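Asker: Quick one: structure below, then a few questions.
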Amino acid sequence: MRIAVTGAAGFLGSHLVDRLLAEGHEVIGVDSLITGQIENLKHVESNRLFRFVKSDVTQYIHIPGPLDRVYHFASPASPLDFPRYPVHILKVGALGTLNALGLAKAKGARMLQASTSEVYGDPQVHPQVESYWGHVNPIGERSMYDEAKRFAEALTMSYHRQNQVDTRIVRIFNTYGPRMRLDDGRVLPNFFRSALRNEPVTIYGDGSQTRSFCYVDDLLRGIMLLMESNLDEPTNIGNPEEITVLEFAKEIIALANSKSEIVFKTLPKDDPCRRRPDITRAQTLLGWNPRVNRAEGLKRTAEDFIRRMK
Ligand code: UDP
């Protein structure tokens, strides 16, 4: 197939490009490089099945020739990006998704929208099942991301219903693995960086908030299954193994053989208290299950962090 990936230089986008190329597809990677890193694509530069287009999806997306699939992954996504690029994040979710859907419509391609567990906000239903509508502060410190992704889902379903565009929506839960930006600001890079330098590991709040971390290979295998399925309603993909942020900090300190102490800082506003995907839908309809447990996934991730921090 001929496949476009927006956000191709990002953490998830670049791993997706690798997997699609490995399956023998021709891949056109699009990225503005605002938060994506071109180094993530260095190893595929000379692959004749790959082409990179530096372009911002909030502008018209030019891709000559036919297309079979559009994976729309472009968007800043770390909480550290939220105060840096609030307006841009809203534009990417709205105009970027509009352009990605327009591209898919023009080419007769199937489009997959990379959505997020953030559409559930600070959830009052646990674990989060796809039928839950969420608990989102529309003007809060995460609202530019949450509402952009919610709008993007609405737009995707509208193109599907009005324009008969073949669409898929994946709700991605916390994911980790090699190639995460060292200065990404998310919990795992922060903890690893501090632990490997024997500097204090900073927990926001008392660390009782929970997350459920999925290894990148598991996530992308699920997303590619979803793309090739007939499920046009949103589908959670994530690892349901839940852990408190405090326990997570201890795990990483132990893994890094670190002398770091744990320090506590104020919890950012609207930081979700609990997060765990209900993955019954993906299990039963896609036959998907995560395979890499946290111990194994963290080991693989630690090797990459150690190599890049040298
Ligand atoms: N967190 C933390 N210390 C850090 C970074 C994050 O305690 O250095 C907490 C954060 O407040 C949140 C959880 O870890 O409760 C996960 O944060 P992350 O930024 O990875 O993403 P989120 O799941 O909140 O979108």
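A note on labels: chains of the structure tokens are A, B, ... as shown, every chain counts residues from 1, and ligands are counted from 1 in their shown order.
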Go through chain A residue by residue and, counting only C-alpha atoms and all ligand atoms, keep those with an atom at most 6 Å from ligand 1; for each kept residue give the shortest atom pair and its distance in Å to one decimal, ordered by chain and increasing number, as a tab-separated table.
Answerer:
residue	atom	partner	partner_atom_place_in_ligand_line	distance
A:Pro79	CA	ligand 1	19 (O)	5.3
A:Asn174	CA	ligand 1	23 (O)	5.9
A:Arg186	CA	ligand 1	19 (O)	3.5
A:Val187	CA	ligand 1	5 (C)	3.6
A:Asn190	CA	ligand 1	8 (O)	4.9
A:Thr202	CA	ligand 1	3 (N)	5.1
A:Ile203	CA	ligand 1	7 (O)	3.3
A:Tyr204	CA	ligand 1	7 (O)	3.8
A:Gln209	CA	ligand 1	15 (O)	5.6
A:Val245	CA	ligand 1	14 (O)	5.7
A:Leu267	CA	ligand 1	11 (O)	5.8
A:Asp271	CA	ligand 1	15 (O)	5.7
Asker: Kindly save the residues from that selection, with all heavy atoms included, as a short mmCIF file (atom, residue, chain, number, x, y, z; two decimals), in the first residue's frame.
Answerer:
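Contents of selection-v1.cif, freshly written:
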data_model
loop_
_atom_site.label_atom_id
_atom_site.label_comp_id
_atom_site.auth_asym_id
_atom_site.auth_seq_id
_atom_site.Cartn_x
_atom_site.Cartn_y
_atom_site.Cartn_z
N PRO A 79 2.49 17.02 28.29
CA PRO A 79 1.98 18.12 29.11
C PRO A 79 2.91 19.34 29.15
O PRO A 79 2.46 20.47 29.35
CB PRO A 79 1.83 17.49 30.50
CG PRO A 79 1.56 16.05 30.21
CD PRO A 79 2.38 15.73 28.99
N ASN A 174 -1.26 6.11 28.03
CA ASN A 174 0.18 6.35 28.26
C ASN A 174 1.05 5.27 27.61
O ASN A 174 0.85 4.09 27.87
CB ASN A 174 0.49 6.40 29.76
CG ASN A 174 -0.13 7.61 30.42
OD1 ASN A 174 -1.35 7.69 30.54
ND2 ASN A 174 0.69 8.54 30.85
N ARG A 186 7.45 14.22 30.10
CA ARG A 186 6.54 13.22 30.64
C ARG A 186 7.22 12.44 31.75
O ARG A 186 8.44 12.50 31.92
CB ARG A 186 6.03 12.30 29.54
CG ARG A 186 4.74 12.85 28.96
CD ARG A 186 4.21 11.96 27.90
NE ARG A 186 4.83 12.30 26.65
CZ ARG A 186 4.21 12.28 25.48
NH1 ARG A 186 2.96 11.93 25.41
NH2 ARG A 186 4.84 12.60 24.37
N VAL A 187 6.41 11.69 32.44
CA VAL A 187 6.88 11.09 33.69
C VAL A 187 8.07 10.15 33.45
O VAL A 187 9.06 10.20 34.18
CB VAL A 187 5.72 10.42 34.46
CG1 VAL A 187 5.12 9.24 33.71
CG2 VAL A 187 6.14 10.01 35.85
N ASN A 190 11.41 11.97 32.49
CA ASN A 190 11.86 12.74 33.66
C ASN A 190 12.47 11.84 34.72
O ASN A 190 13.55 12.11 35.24
CB ASN A 190 10.66 13.47 34.29
CG ASN A 190 10.40 14.80 33.60
OD1 ASN A 190 11.00 15.10 32.57
ND2 ASN A 190 9.49 15.58 34.16
N THR A 202 11.43 13.89 40.85
CA THR A 202 10.36 14.79 41.30
C THR A 202 8.98 14.21 41.01
O THR A 202 8.63 13.97 39.85
CB THR A 202 10.49 16.14 40.57
OG1 THR A 202 11.83 16.58 40.73
CG2 THR A 202 9.56 17.17 41.14
N ILE A 203 8.22 14.05 42.08
CA ILE A 203 6.84 13.57 41.93
C ILE A 203 5.91 14.76 42.10
O ILE A 203 6.08 15.57 43.02
CB ILE A 203 6.55 12.49 43.00
CG1 ILE A 203 7.30 11.22 42.60
CG2 ILE A 203 5.06 12.26 43.14
CD1 ILE A 203 6.96 10.03 43.43
N TYR A 204 4.95 14.89 41.19
CA TYR A 204 3.95 15.95 41.32
C TYR A 204 2.82 15.42 42.20
O TYR A 204 2.28 14.34 41.93
CB TYR A 204 3.43 16.37 39.95
CG TYR A 204 4.52 16.81 38.98
CD1 TYR A 204 4.36 16.67 37.60
CD2 TYR A 204 5.71 17.38 39.44
CE1 TYR A 204 5.35 17.08 36.71
CE2 TYR A 204 6.70 17.79 38.56
CZ TYR A 204 6.52 17.63 37.20
OH TYR A 204 7.49 18.02 36.32
N GLN A 209 -1.61 9.33 42.38
CA GLN A 209 -2.32 9.24 41.08
C GLN A 209 -1.78 8.03 40.32
O GLN A 209 -0.63 7.66 40.48
CB GLN A 209 -2.16 10.54 40.27
CG GLN A 209 -0.78 10.85 39.71
CD GLN A 209 0.09 11.64 40.67
OE1 GLN A 209 0.05 11.43 41.88
NE2 GLN A 209 0.91 12.55 40.15
N VAL A 245 2.09 6.66 40.61
CA VAL A 245 3.29 7.37 40.15
C VAL A 245 4.42 7.17 41.17
O VAL A 245 5.59 7.04 40.78
CB VAL A 245 2.95 8.86 39.90
CG1 VAL A 245 4.20 9.70 39.71
CG2 VAL A 245 2.05 8.98 38.67
N LEU A 267 1.02 19.35 42.53
CA LEU A 267 0.36 18.64 41.43
C LEU A 267 -0.23 19.68 40.46
O LEU A 267 -0.94 20.58 40.89
CB LEU A 267 -0.75 17.76 42.00
CG LEU A 267 -1.46 16.83 41.01
CD1 LEU A 267 -0.54 15.72 40.54
CD2 LEU A 267 -2.72 16.24 41.65
N ASP A 271 -4.69 17.42 36.63
CA ASP A 271 -3.91 16.18 36.41
C ASP A 271 -4.84 15.00 36.78
O ASP A 271 -5.31 14.92 37.91
CB ASP A 271 -2.70 16.23 37.35
CG ASP A 271 -1.62 15.22 36.98
OD1 ASP A 271 -1.87 14.01 37.15
OD2 ASP A 271 -0.53 15.65 36.58
#
Asker: Tell me, counting only C-alpha atoms, for each residue of segment 200-281 of chain A within 12 Å of segment 12-18 of chain A, which pair of atoms is nearest and how far apart they are in Å to one decimal, in rows ordered by chain and increasing number, as a Markdown table.
Answerer:
| residue | atom | partner | partner_atom | distance |
| --- | --- | --- | --- | --- |
| A:Cys214 | CA | A:Leu12 | CA | 12.0 |
| A:Tyr215 | CA | A:Leu12 | CA | 10.8 |
| A:Val216 | CA | A:Leu12 | CA | 7.3 |
| A:Asp217 | CA | A:His15 | CA | 8.0 |
| A:Asp218 | CA | A:His15 | CA | 11.2 |
| A:Leu219 | CA | A:Leu12 | CA | 9.0 |
| A:Leu220 | CA | A:Leu16 | CA | 6.5 |
| A:Arg221 | CA | A:Leu16 | CA | 9.0 |
| A:Gly222 | CA | A:Leu16 | CA | 11.2 |
| A:Ile223 | CA | A:Leu16 | CA | 9.2 |
| A:Met224 | CA | A:Leu16 | CA | 8.7 |
Asker: Hey, what does DSSP flag as strand (DSSP E or B) within segment 5-186 of chain A? Can you give it to me as a ChimeraX atom specification?
Answerer: /A:5-6,26-31,50-54,69-72,110-116,121,128,135,167-172,175-176
Asker: Leaving out Leu231 of chain A and any residue of its chain fewer than 5 positions from it, which residues lie within 9 Å of it when counting only C-alpha atoms, given as a PyMOL selection string?
Answerer: chain A and resi 167-169+226+285-286
Asker: Export, as a compact mmCIF listing (two decimals), in the first residue's frame, the selected residues with C-alpha atoms.
Answerer:
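And here is the file that came out, selection23.txt:
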# COMPACT_ATOMS: atom_id res chain seq x y z
CA THR A 167 -12.23 6.22 9.28
CA ARG A 168 -10.82 4.68 12.46
CA ILE A 169 -10.25 6.30 15.86
CA LEU A 226 -7.44 -1.47 14.16
CA LEU A 285 -13.01 -7.46 18.34
CA LEU A 286 -9.34 -7.22 17.32
Asker: Have a look at A:Leu103, A:Val136, A:Glu141, A:Ala8 and name the one nearest to Pro268 of chain A; count only C-alpha atoms.
Answerer: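 That would be A:Glu141, the residue with the smallest distance to Pro268 of chain A.
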Asker: Closest to Asp68 of chain A among A:Val5, A:Val129, A:Ala104, A:Val119, using only C-alpha atoms?
Answerer: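 Nearest to Asp68 of chain A: A:Ala104.
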